[in-house]
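Pasted below: start33.cif, mmCIF, C-alpha atoms.
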```cif
data_query
#
loop_
_atom_site.group_PDB
_atom_site.id
_atom_site.type_symbol
_atom_site.label_atom_id
_atom_site.label_comp_id
_atom_site.auth_asym_id
_atom_site.auth_seq_id
_atom_site.Cartn_x
_atom_site.Cartn_y
_atom_site.Cartn_z
ATOM 1 C CA MET R 1 9.614 10.445 16.439
ATOM 2 C CA ILE R 2 6.199 9.742 17.871
ATOM 3 C CA TYR R 3 3.608 12.492 17.878
ATOM 4 C CA ILE R 4 0.294 12.434 19.710
ATOM 5 C CA VAL R 5 -2.100 15.073 18.403
ATOM 6 C CA CYS R 6 -4.996 15.545 20.834
ATOM 7 C CA VAL R 7 -8.019 17.768 20.667
ATOM 8 C CA GLY R 8 -8.729 19.107 24.131
ATOM 9 C CA ASN R 9 -6.552 19.383 27.191
ATOM 10 C CA LEU R 10 -6.327 17.294 30.322
ATOM 11 C CA LYS R 11 -8.295 18.768 33.189
ATOM 12 C CA GLU R 12 -7.572 16.347 36.016
ATOM 13 C CA LYS R 13 -4.164 16.261 37.683
ATOM 14 C CA TYR R 14 -4.160 12.473 37.975
ATOM 15 C CA LEU R 15 -4.531 12.157 34.186
ATOM 16 C CA THR R 16 -1.762 14.703 33.594
ATOM 17 C CA ASP R 17 0.492 12.843 36.037
ATOM 18 C CA ALA R 18 -0.181 9.513 34.326
ATOM 19 C CA CYS R 19 0.508 10.966 30.874
ATOM 20 C CA ASN R 20 3.722 12.594 32.055
ATOM 21 C CA GLU R 21 4.905 9.299 33.546
ATOM 22 C CA TYR R 22 4.347 7.399 30.287
ATOM 23 C CA ILE R 23 5.921 10.201 28.226
ATOM 24 C CA LYS R 24 8.994 9.943 30.456
ATOM 25 C CA ARG R 25 9.093 6.156 30.006
ATOM 26 C CA ILE R 26 8.574 6.355 26.230
ATOM 27 C CA SER R 27 11.403 8.891 25.922
ATOM 28 C CA ARG R 28 13.859 6.160 27.015
ATOM 29 C CA TYR R 29 13.146 4.439 23.695
ATOM 30 C CA ASN R 30 11.950 7.124 21.327
ATOM 31 C CA LYS R 31 11.414 10.854 21.033
ATOM 32 C CA ILE R 32 7.814 11.833 21.684
ATOM 33 C CA GLU R 33 5.832 15.039 21.450
ATOM 34 C CA VAL R 34 2.252 15.643 22.538
ATOM 35 C CA VAL R 35 0.392 18.420 20.741
ATOM 36 C CA GLU R 36 -2.784 19.669 22.407
ATOM 37 C CA LEU R 37 -5.239 21.512 20.204
ATOM 38 C CA LYS R 38 -8.145 23.586 21.416
ATOM 39 C CA GLU R 39 -11.525 21.903 21.235
ATOM 40 C CA SER R 40 -13.859 23.874 18.991
ATOM 41 C CA THR R 41 -16.874 25.575 20.524
ATOM 42 C CA LEU R 42 -18.646 25.935 17.194
ATOM 43 C CA THR R 43 -22.048 24.355 16.706
ATOM 44 C CA PRO R 44 -23.366 22.128 15.258
ATOM 45 C CA SER R 45 -20.816 19.400 16.001
ATOM 46 C CA ASN R 46 -20.047 18.691 12.323
ATOM 47 C CA VAL R 47 -18.938 22.334 11.933
ATOM 48 C CA ALA R 48 -16.787 21.971 15.056
ATOM 49 C CA LEU R 49 -15.219 18.769 13.734
ATOM 50 C CA LYS R 50 -14.356 20.445 10.428
ATOM 51 C CA ALA R 51 -12.711 23.353 12.269
ATOM 52 C CA GLU R 52 -10.734 20.923 14.440
ATOM 53 C CA ALA R 53 -9.698 18.944 11.348
ATOM 54 C CA VAL R 54 -8.108 22.046 9.826
ATOM 55 C CA GLU R 55 -5.896 22.404 12.911
ATOM 56 C CA ILE R 56 -5.152 18.675 13.190
ATOM 57 C CA LYS R 57 -3.926 18.483 9.589
ATOM 58 C CA LYS R 58 -1.258 21.097 10.340
ATOM 59 C CA HIS R 59 0.420 18.662 12.765
ATOM 60 C CA LEU R 60 0.338 15.370 10.864
ATOM 61 C CA LYS R 61 3.734 13.835 10.139
ATOM 62 C CA GLY R 62 4.736 10.480 8.713
ATOM 63 C CA TYR R 63 2.469 7.509 9.242
ATOM 64 C CA VAL R 64 -0.863 8.654 10.695
ATOM 65 C CA ILE R 65 -2.871 6.468 13.062
ATOM 66 C CA LYS R 66 -6.315 7.785 13.951
ATOM 67 C CA MET R 67 -7.965 6.623 17.121
ATOM 68 C CA ALA R 68 -11.404 5.613 15.907
ATOM 69 C CA ILE R 69 -14.307 3.693 17.429
ATOM 70 C CA LYS R 70 -14.603 1.640 14.247
ATOM 71 C CA GLY R 71 -10.846 1.158 13.924
ATOM 72 C CA LYS R 72 -9.029 -2.141 14.164
ATOM 73 C CA GLN R 73 -8.363 -3.533 17.614
ATOM 74 C CA LEU R 74 -4.847 -4.841 18.179
ATOM 75 C CA THR R 75 -3.216 -6.744 20.994
ATOM 76 C CA SER R 76 -0.184 -5.113 22.596
ATOM 77 C CA GLU R 77 2.066 -7.468 20.620
ATOM 78 C CA GLU R 78 0.286 -6.560 17.377
ATOM 79 C CA LEU R 79 0.712 -2.845 18.109
ATOM 80 C CA ALA R 80 4.416 -3.447 18.709
ATOM 81 C CA GLN R 81 4.609 -5.267 15.366
ATOM 82 C CA LYS R 82 2.703 -2.425 13.680
ATOM 83 C CA VAL R 83 5.150 0.159 15.040
ATOM 84 C CA GLU R 84 8.100 -1.969 13.907
ATOM 85 C CA ASN R 85 6.629 -2.507 10.422
ATOM 86 C CA VAL R 86 5.937 1.209 10.015
ATOM 87 C CA THR R 87 9.566 2.058 10.797
ATOM 88 C CA LEU R 88 10.874 -0.781 8.595
ATOM 89 C CA ASN R 89 8.793 0.663 5.737
ATOM 90 C CA GLY R 90 10.728 3.922 5.907
ATOM 91 C CA PHE R 91 8.625 6.091 8.192
ATOM 92 C CA SER R 92 10.653 7.894 10.830
ATOM 93 C CA ASP R 93 7.569 9.607 12.256
ATOM 94 C CA ILE R 94 4.314 8.143 13.554
ATOM 95 C CA THR R 95 1.446 10.451 14.463
ATOM 96 C CA PHE R 96 -1.432 9.221 16.603
ATOM 97 C CA VAL R 97 -4.558 11.402 16.489
ATOM 98 C CA ILE R 98 -7.153 11.589 19.264
ATOM 99 C CA GLY R 99 -10.202 13.659 18.403
ATOM 100 C CA SER R 100 -12.470 15.644 20.654
ATOM 101 C CA SER R 101 -15.399 14.253 22.609
ATOM 102 C CA CYS R 102 -17.394 14.603 19.363
ATOM 103 C CA GLY R 103 -14.906 12.464 17.432
ATOM 104 C CA LEU R 104 -12.915 13.249 14.285
ATOM 105 C CA ASP R 105 -13.970 14.685 10.972
ATOM 106 C CA GLU R 106 -13.695 12.230 8.065
ATOM 107 C CA SER R 107 -11.372 14.634 6.239
ATOM 108 C CA VAL R 108 -8.524 13.879 8.666
ATOM 109 C CA PRO R 109 -6.284 11.552 6.652
ATOM 110 C CA SER R 110 -5.183 8.254 8.116
ATOM 111 C CA SER R 111 -2.801 5.460 7.220
ATOM 112 C CA PHE R 112 -4.482 3.212 9.795
ATOM 113 C CA ASP R 113 -7.495 3.458 12.124
ATOM 114 C CA LEU R 114 -6.964 2.024 15.604
ATOM 115 C CA SER R 115 -9.535 1.299 18.303
ATOM 116 C CA ILE R 116 -8.525 0.749 21.911
ATOM 117 C CA SER R 117 -11.682 -1.159 22.778
ATOM 118 C CA LYS R 118 -15.282 -1.773 21.868
ATOM 119 C CA MET R 119 -16.074 0.100 25.070
ATOM 120 C CA THR R 120 -16.373 3.877 25.062
ATOM 121 C CA PHE R 121 -13.826 5.929 27.025
ATOM 122 C CA PRO R 122 -13.543 9.671 27.608
ATOM 123 C CA HIS R 123 -11.024 11.045 25.115
ATOM 124 C CA GLN R 124 -8.878 12.285 28.003
ATOM 125 C CA LEU R 125 -8.575 8.762 29.384
ATOM 126 C CA THR R 126 -7.904 7.480 25.877
ATOM 127 C CA ARG R 127 -4.716 9.547 25.875
ATOM 128 C CA VAL R 128 -3.449 7.789 29.014
ATOM 129 C CA ILE R 129 -4.343 4.349 27.651
ATOM 130 C CA LEU R 130 -2.729 5.103 24.293
ATOM 131 C CA LEU R 131 0.482 6.377 25.903
ATOM 132 C CA GLU R 132 0.663 3.262 28.073
ATOM 133 C CA GLN R 133 0.183 1.031 25.038
ATOM 134 C CA ILE R 134 2.848 2.895 23.052
ATOM 135 C CA TYR R 135 5.217 2.446 25.982
ATOM 136 C CA ARG R 136 4.304 -1.248 26.189
ATOM 137 C CA ALA R 137 4.853 -1.685 22.431
ATOM 138 C CA LEU R 138 8.290 -0.084 22.655
ATOM 139 C CA ALA R 139 9.111 -2.225 25.715
ATOM 140 C CA ILE R 140 8.144 -5.348 23.751
ATOM 141 C CA LEU R 141 10.332 -4.298 20.810
ATOM 142 C CA ASN R 142 13.241 -3.646 23.190
ATOM 143 C CA HIS R 143 12.774 -6.910 25.112
ATOM 144 C CA SER R 144 12.011 -5.110 28.361
ATOM 145 C CA PRO R 145 10.465 -7.093 31.219
ATOM 146 C CA TYR R 146 7.632 -4.506 31.477
ATOM 147 C CA HIS R 147 5.355 -6.493 29.168
ATOM 148 C CA LYS R 148 4.046 -9.680 30.731
#
```

Representation of the structure as C-alpha coordinates:
Amino acid sequence: MIYIVCVGNLKEKYLTDACNEYIKRISRYNKIEVVELKESTLTPSNVALKAEAVEIKKHLKGYVIKMAIKGKQLTSEELAQKVENVTLNGFSDITFVIGSSCGLDESVPSSFDLSISKMTFPHQLTRVILLEQIYRALAILNHSPYHK
(Lines of atoms letter the chains of each structure in order from A and count residues from 1; the text may use other names and numbers.)
(Lines give C-alpha, C1' and ligand atoms only; values in the text may rest on other atoms or scores of the structure.)
Protein backbone atom coordinates (compact mmCIF):
# COMPACT_ATOMS: atom_id res chain seq x y z
CA MET A 1 0.00 0.00 0.00
CA ILE A 2 1.22 3.47 -0.81
CA TYR A 3 0.32 6.32 1.51
CA ILE A 4 0.81 10.01 0.81
CA VAL A 5 0.62 12.10 3.97
CA CYS A 6 0.22 15.79 3.09
CA VAL A 7 -0.01 18.83 5.28
CA GLY A 8 -2.53 21.21 3.78
CA ASN A 9 -5.30 20.67 1.28
CA LEU A 10 -5.54 21.38 -2.41
CA LYS A 11 -7.30 24.65 -3.14
CA GLU A 12 -7.35 24.73 -6.93
CA LYS A 13 -9.64 22.42 -8.89
CA TYR A 14 -7.04 21.77 -11.58
CA LEU A 15 -4.63 20.41 -8.95
CA THR A 16 -7.36 18.24 -7.42
CA ASP A 17 -8.28 16.92 -10.87
CA ALA A 18 -4.65 16.10 -11.66
CA CYS A 19 -4.16 14.31 -8.34
CA ASN A 20 -7.36 12.32 -8.79
CA GLU A 21 -6.26 11.24 -12.27
CA TYR A 22 -2.90 9.95 -11.02
CA ILE A 23 -4.52 8.25 -8.00
CA LYS A 24 -6.84 6.45 -10.42
CA ARG A 25 -3.89 5.40 -12.59
CA ILE A 26 -1.79 4.27 -9.60
CA SER A 27 -4.69 2.17 -8.29
CA ARG A 28 -4.34 -0.08 -11.37
CA TYR A 29 -1.01 -1.23 -9.93
CA ASN A 30 -1.19 -0.64 -6.21
CA LYS A 31 -3.52 0.47 -3.45
CA ILE A 32 -3.03 4.12 -2.55
CA GLU A 33 -4.39 6.42 0.12
CA VAL A 34 -3.87 10.16 0.44
CA VAL A 35 -4.14 11.60 3.95
CA GLU A 36 -4.57 15.36 4.19
CA LEU A 37 -3.69 16.95 7.50
CA LYS A 38 -4.59 20.46 8.56
CA GLU A 39 -1.82 23.01 8.28
CA SER A 40 -1.05 24.50 11.68
CA THR A 41 -1.82 28.16 12.29
CA LEU A 42 0.46 28.37 15.31
CA THR A 43 3.33 30.82 15.32
CA PRO A 44 6.30 30.91 15.19
CA SER A 45 6.79 28.42 12.35
CA ASN A 46 8.94 26.02 14.41
CA VAL A 47 6.02 25.63 16.85
CA ALA A 48 3.69 25.00 13.90
CA LEU A 49 6.05 22.40 12.45
CA LYS A 50 6.22 20.56 15.78
CA ALA A 51 2.42 20.50 16.01
CA GLU A 52 2.18 19.19 12.44
CA ALA A 53 4.82 16.55 13.19
CA VAL A 54 2.69 15.14 16.00
CA GLU A 55 -0.16 14.59 13.54
CA ILE A 56 2.08 13.29 10.75
CA LYS A 57 3.62 10.62 13.00
CA LYS A 58 0.17 9.14 13.62
CA HIS A 59 -0.08 8.20 9.92
CA LEU A 60 3.37 6.78 9.17
CA LYS A 61 3.42 3.17 8.00
CA GLY A 62 6.19 0.99 6.65
CA TYR A 63 9.05 2.60 4.78
CA VAL A 64 8.87 6.39 5.14
CA ILE A 65 10.07 8.72 2.40
CA LYS A 66 10.11 12.40 3.31
CA MET A 67 9.98 14.97 0.57
CA ALA A 68 12.84 17.27 1.50
CA ILE A 69 14.67 20.08 -0.28
CA LYS A 70 17.99 18.56 0.76
CA GLY A 71 16.90 15.02 -0.08
CA LYS A 72 18.40 12.84 -2.78
CA GLN A 73 17.29 13.45 -6.34
CA LEU A 74 16.43 10.33 -8.32
CA THR A 75 15.61 9.71 -11.95
CA SER A 76 12.26 8.07 -12.67
CA GLU A 77 14.07 4.76 -13.22
CA GLU A 78 15.90 5.12 -9.90
CA LEU A 79 12.62 5.82 -8.10
CA ALA A 80 11.14 2.70 -9.68
CA GLN A 81 14.17 0.72 -8.47
CA LYS A 82 13.82 2.26 -5.00
CA VAL A 83 10.16 1.22 -4.79
CA GLU A 84 11.05 -2.30 -5.96
CA ASN A 85 13.93 -2.61 -3.47
CA VAL A 86 11.74 -1.42 -0.60
CA THR A 87 9.14 -4.10 -1.36
CA LEU A 88 11.82 -6.78 -1.87
CA ASN A 89 13.19 -5.87 1.58
CA GLY A 90 9.89 -6.84 3.19
CA PHE A 91 8.00 -3.56 3.37
CA SER A 92 4.40 -3.84 2.21
CA ASP A 93 3.72 -0.17 2.92
CA ILE A 94 5.49 2.95 1.68
CA THR A 95 4.56 6.34 3.10
CA PHE A 96 5.55 9.54 1.32
CA VAL A 97 5.37 12.69 3.47
CA ILE A 98 4.87 16.20 2.09
CA GLY A 99 5.13 18.94 4.69
CA SER A 100 3.46 22.30 4.81
CA SER A 101 4.69 25.43 3.07
CA CYS A 102 7.02 25.87 6.07
CA GLY A 103 8.54 22.41 5.57
CA LEU A 104 8.79 19.47 7.98
CA ASP A 105 9.97 19.27 11.54
CA GLU A 106 13.19 17.28 12.00
CA SER A 107 11.41 14.95 14.44
CA VAL A 108 9.44 13.33 11.59
CA PRO A 109 11.25 10.02 11.09
CA SER A 110 12.40 9.00 7.64
CA SER A 111 13.89 5.95 5.99
CA PHE A 112 14.87 8.07 2.98
CA ASP A 113 14.75 11.77 2.05
CA LEU A 114 13.71 12.50 -1.53
CA SER A 115 13.90 15.77 -3.45
CA ILE A 116 11.94 16.31 -6.64
CA SER A 117 14.23 19.07 -7.88
CA LYS A 118 16.71 21.72 -6.89
CA MET A 119 13.98 24.18 -7.84
CA THR A 120 11.36 25.21 -5.31
CA PHE A 121 7.72 24.23 -5.91
CA PRO A 122 4.56 25.00 -3.95
CA HIS A 123 3.81 22.00 -1.75
CA GLN A 124 0.44 21.61 -3.48
CA LEU A 125 2.14 21.21 -6.85
CA THR A 126 4.66 18.85 -5.26
CA ARG A 127 1.78 16.47 -4.56
CA VAL A 128 0.84 16.34 -8.25
CA ILE A 129 4.46 15.84 -9.33
CA LEU A 130 5.01 13.13 -6.71
CA LEU A 131 1.84 11.26 -7.71
CA GLU A 132 2.88 11.39 -11.36
CA GLN A 133 6.33 10.05 -10.51
CA ILE A 134 4.88 7.24 -8.38
CA TYR A 135 2.63 6.32 -11.29
CA ARG A 136 5.60 6.45 -13.67
CA ALA A 137 7.69 4.27 -11.33
CA LEU A 138 4.93 1.67 -11.14
CA ALA A 139 4.50 1.82 -14.94
CA ILE A 140 8.24 1.19 -15.35
CA LEU A 141 8.10 -1.78 -12.97
CA ASN A 142 5.11 -3.19 -14.87
CA HIS A 143 6.66 -2.62 -18.31
CA SER A 144 3.94 -0.19 -19.34
CA PRO A 145 4.53 1.99 -22.41
CA TYR A 146 3.73 5.12 -20.33
CA HIS A 147 7.38 5.73 -19.49
CA LYS A 148 9.43 6.90 -22.44

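The shortest atom-to-atom distance to Asp113 of chain R, with all atoms listed in the file taken into account, belongs to R:Met67 out of R:Ile129, R:Met67, R:Val34, R:Ala139.
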
Counting only C-alpha atoms, which residues in segment 26-99 of chain R sit no more than 9 Å from segment 115-125 of chain R? For each one, give the nearest pair of atoms and the distance in Å, sorted by chain then residue number, as JSON lines.
```
{"residue": "R:Lys66", "atom": "CA", "partner": "R:Ser115", "partner_atom": "CA", "distance": 8.4}
{"residue": "R:Met67", "atom": "CA", "partner": "R:Ser115", "partner_atom": "CA", "distance": 5.7}
{"residue": "R:Ala68", "atom": "CA", "partner": "R:Ser115", "partner_atom": "CA", "distance": 5.3}
{"residue": "R:Ile69", "atom": "CA", "partner": "R:Ser115", "partner_atom": "CA", "distance": 5.4}
{"residue": "R:Lys70", "atom": "CA", "partner": "R:Ser115", "partner_atom": "CA", "distance": 6.5}
{"residue": "R:Gly71", "atom": "CA", "partner": "R:Ser115", "partner_atom": "CA", "distance": 4.6}
{"residue": "R:Lys72", "atom": "CA", "partner": "R:Ser115", "partner_atom": "CA", "distance": 5.4}
{"residue": "R:Gln73", "atom": "CA", "partner": "R:Ser115", "partner_atom": "CA", "distance": 5.0}
{"residue": "R:Leu74", "atom": "CA", "partner": "R:Ile116", "partner_atom": "CA", "distance": 7.7}
{"residue": "R:Ile98", "atom": "CA", "partner": "R:His123", "partner_atom": "CA", "distance": 7.0}
{"residue": "R:Gly99", "atom": "CA", "partner": "R:His123", "partner_atom": "CA", "distance": 7.2}
```

Residue subset to file, keeping C-alpha atoms, as a PDB file, in the frame of the given file:
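Printed below is out23.pdb as written:
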```
ATOM      1  CA  LYS R  66      -6.315   7.785  13.951  1.00  0.00           C
ATOM      2  CA  MET R  67      -7.965   6.623  17.121  1.00  0.00           C
ATOM      3  CA  ALA R  68     -11.404   5.613  15.907  1.00  0.00           C
ATOM      4  CA  ILE R  69     -14.307   3.693  17.429  1.00  0.00           C
ATOM      5  CA  LYS R  70     -14.603   1.640  14.247  1.00  0.00           C
ATOM      6  CA  GLY R  71     -10.846   1.158  13.924  1.00  0.00           C
ATOM      7  CA  LYS R  72      -9.029  -2.141  14.164  1.00  0.00           C
ATOM      8  CA  GLN R  73      -8.363  -3.533  17.614  1.00  0.00           C
ATOM      9  CA  LEU R  74      -4.847  -4.841  18.179  1.00  0.00           C
ATOM     10  CA  ILE R  98      -7.153  11.589  19.264  1.00  0.00           C
ATOM     11  CA  GLY R  99     -10.202  13.659  18.403  1.00  0.00           C
TER      12      GLY R  99
END
```

Using Å and a single decimal, report how far atom CA of Glu33 of chain R sits from atom CA of Gly90 of chain R. 19.7 Å

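You can rank R:Lys82, R:Arg127, R:Lys31, R:Lys13 by their closest distance to Ile140 of chain R using all atoms listed in the file, and at the top of that list sits R:Lys82.
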
Quick one: pull the distance between atom CA of Lys61 of chain R and atom CA of Cys6 of chain R, Å, one decimal. 13.9 Å

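Proximity of R:Ile94, R:Leu138, R:Val7, R:Ala48 to Arg25 of chain R, computed with all atoms listed in the file, is greatest for R:Leu138.
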
Can you give me, as a VMD selection string, the residues this file yields under the PyMOL selection byres ((chain R and resi 96) around 7)? chain R and resid 3 to 5 64 to 66 94 to 95 97 to 98

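If you measure from each of R:Val83, R:Leu130, R:Leu60, R:Leu10 to Asn30 of chain R using all atoms listed in the file, the closest one turns out to be R:Val83.
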
Give as a short mmCIF file (atom, residue, chain, number, x, y, z; two decimals) with C-alpha atoms, in the coordinates of the input the residues that the PyMOL selection byres ((chain R and resi 22) around 12) matches when applied to the coordinates above.
```cif
data_model
loop_
_atom_site.label_atom_id
_atom_site.label_comp_id
_atom_site.auth_asym_id
_atom_site.auth_seq_id
_atom_site.Cartn_x
_atom_site.Cartn_y
_atom_site.Cartn_z
CA LEU R 15 -4.53 12.16 34.19
CA THR R 16 -1.76 14.70 33.59
CA ASP R 17 0.49 12.84 36.04
CA ALA R 18 -0.18 9.51 34.33
CA CYS R 19 0.51 10.97 30.87
CA ASN R 20 3.72 12.59 32.06
CA GLU R 21 4.90 9.30 33.55
CA ILE R 23 5.92 10.20 28.23
CA LYS R 24 8.99 9.94 30.46
CA ARG R 25 9.09 6.16 30.01
CA ILE R 26 8.57 6.36 26.23
CA SER R 27 11.40 8.89 25.92
CA ARG R 28 13.86 6.16 27.02
CA TYR R 29 13.15 4.44 23.70
CA ASN R 30 11.95 7.12 21.33
CA ILE R 32 7.81 11.83 21.68
CA GLU R 33 5.83 15.04 21.45
CA VAL R 34 2.25 15.64 22.54
CA ARG R 127 -4.72 9.55 25.88
CA VAL R 128 -3.45 7.79 29.01
CA ILE R 129 -4.34 4.35 27.65
CA LEU R 130 -2.73 5.10 24.29
CA LEU R 131 0.48 6.38 25.90
CA GLU R 132 0.66 3.26 28.07
CA GLN R 133 0.18 1.03 25.04
CA ILE R 134 2.85 2.90 23.05
CA TYR R 135 5.22 2.45 25.98
CA ARG R 136 4.30 -1.25 26.19
CA LEU R 138 8.29 -0.08 22.66
CA ALA R 139 9.11 -2.22 25.72
#
```

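Across the model, the gap from atom CA of Pro109 of chain R to atom CA of Asn85 of chain R is 19.5 Å.
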
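Closest approach to Ala137 of chain R from the set R:Thr75, R:Ser45, R:Asn9, R:Ser107 is made by R:Thr75, with distances taken over all atoms listed in the file.
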
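Each of R:Asp105, R:Val86, R:Asn142, R:Ser100 was compared to Met1 of chain R using all atoms listed in the file, and R:Val86 turns out to be the nearest.
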
How would you write, as a PDB file with C-alpha atoms, keeping the file's coordinate frame, the residues chosen by the PyMOL selection byres ((chain R and resi 40-44) around 12) on this structure?
```
ATOM      1  CA  VAL R   7      -8.019  17.768  20.667  1.00  0.00           C
ATOM      2  CA  GLY R   8      -8.729  19.107  24.131  1.00  0.00           C
ATOM      3  CA  ASN R   9      -6.552  19.383  27.191  1.00  0.00           C
ATOM      4  CA  LEU R  37      -5.239  21.512  20.204  1.00  0.00           C
ATOM      5  CA  LYS R  38      -8.145  23.586  21.416  1.00  0.00           C
ATOM      6  CA  GLU R  39     -11.525  21.903  21.235  1.00  0.00           C
ATOM      7  CA  SER R  45     -20.816  19.400  16.001  1.00  0.00           C
ATOM      8  CA  ASN R  46     -20.047  18.691  12.323  1.00  0.00           C
ATOM      9  CA  VAL R  47     -18.938  22.334  11.933  1.00  0.00           C
ATOM     10  CA  ALA R  48     -16.787  21.971  15.056  1.00  0.00           C
ATOM     11  CA  LEU R  49     -15.219  18.769  13.734  1.00  0.00           C
ATOM     12  CA  LYS R  50     -14.356  20.445  10.428  1.00  0.00           C
ATOM     13  CA  ALA R  51     -12.711  23.353  12.269  1.00  0.00           C
ATOM     14  CA  GLU R  52     -10.734  20.923  14.440  1.00  0.00           C
ATOM     15  CA  ALA R  53      -9.698  18.944  11.348  1.00  0.00           C
ATOM     16  CA  VAL R  54      -8.108  22.046   9.826  1.00  0.00           C
ATOM     17  CA  GLU R  55      -5.896  22.404  12.911  1.00  0.00           C
ATOM     18  CA  ILE R  56      -5.152  18.675  13.190  1.00  0.00           C
ATOM     19  CA  GLY R  99     -10.202  13.659  18.403  1.00  0.00           C
ATOM     20  CA  SER R 100     -12.470  15.644  20.654  1.00  0.00           C
ATOM     21  CA  SER R 101     -15.399  14.253  22.609  1.00  0.00           C
ATOM     22  CA  CYS R 102     -17.394  14.603  19.363  1.00  0.00           C
ATOM     23  CA  GLY R 103     -14.906  12.464  17.432  1.00  0.00           C
ATOM     24  CA  LEU R 104     -12.915  13.249  14.285  1.00  0.00           C
TER      25      LEU R 104
END
```

Output, as AutoDock Vina command-line options, the centre and edge lengths in Å (one decimal) of the axis-aligned box that contains all listed atoms of segment 99-103 of chain R with 4 Å of margin on each side.
```
--center_x -13.8 --center_y 14.1 --center_z 20.0 --size_x 15.2 --size_y 11.2 --size_z 13.2
```
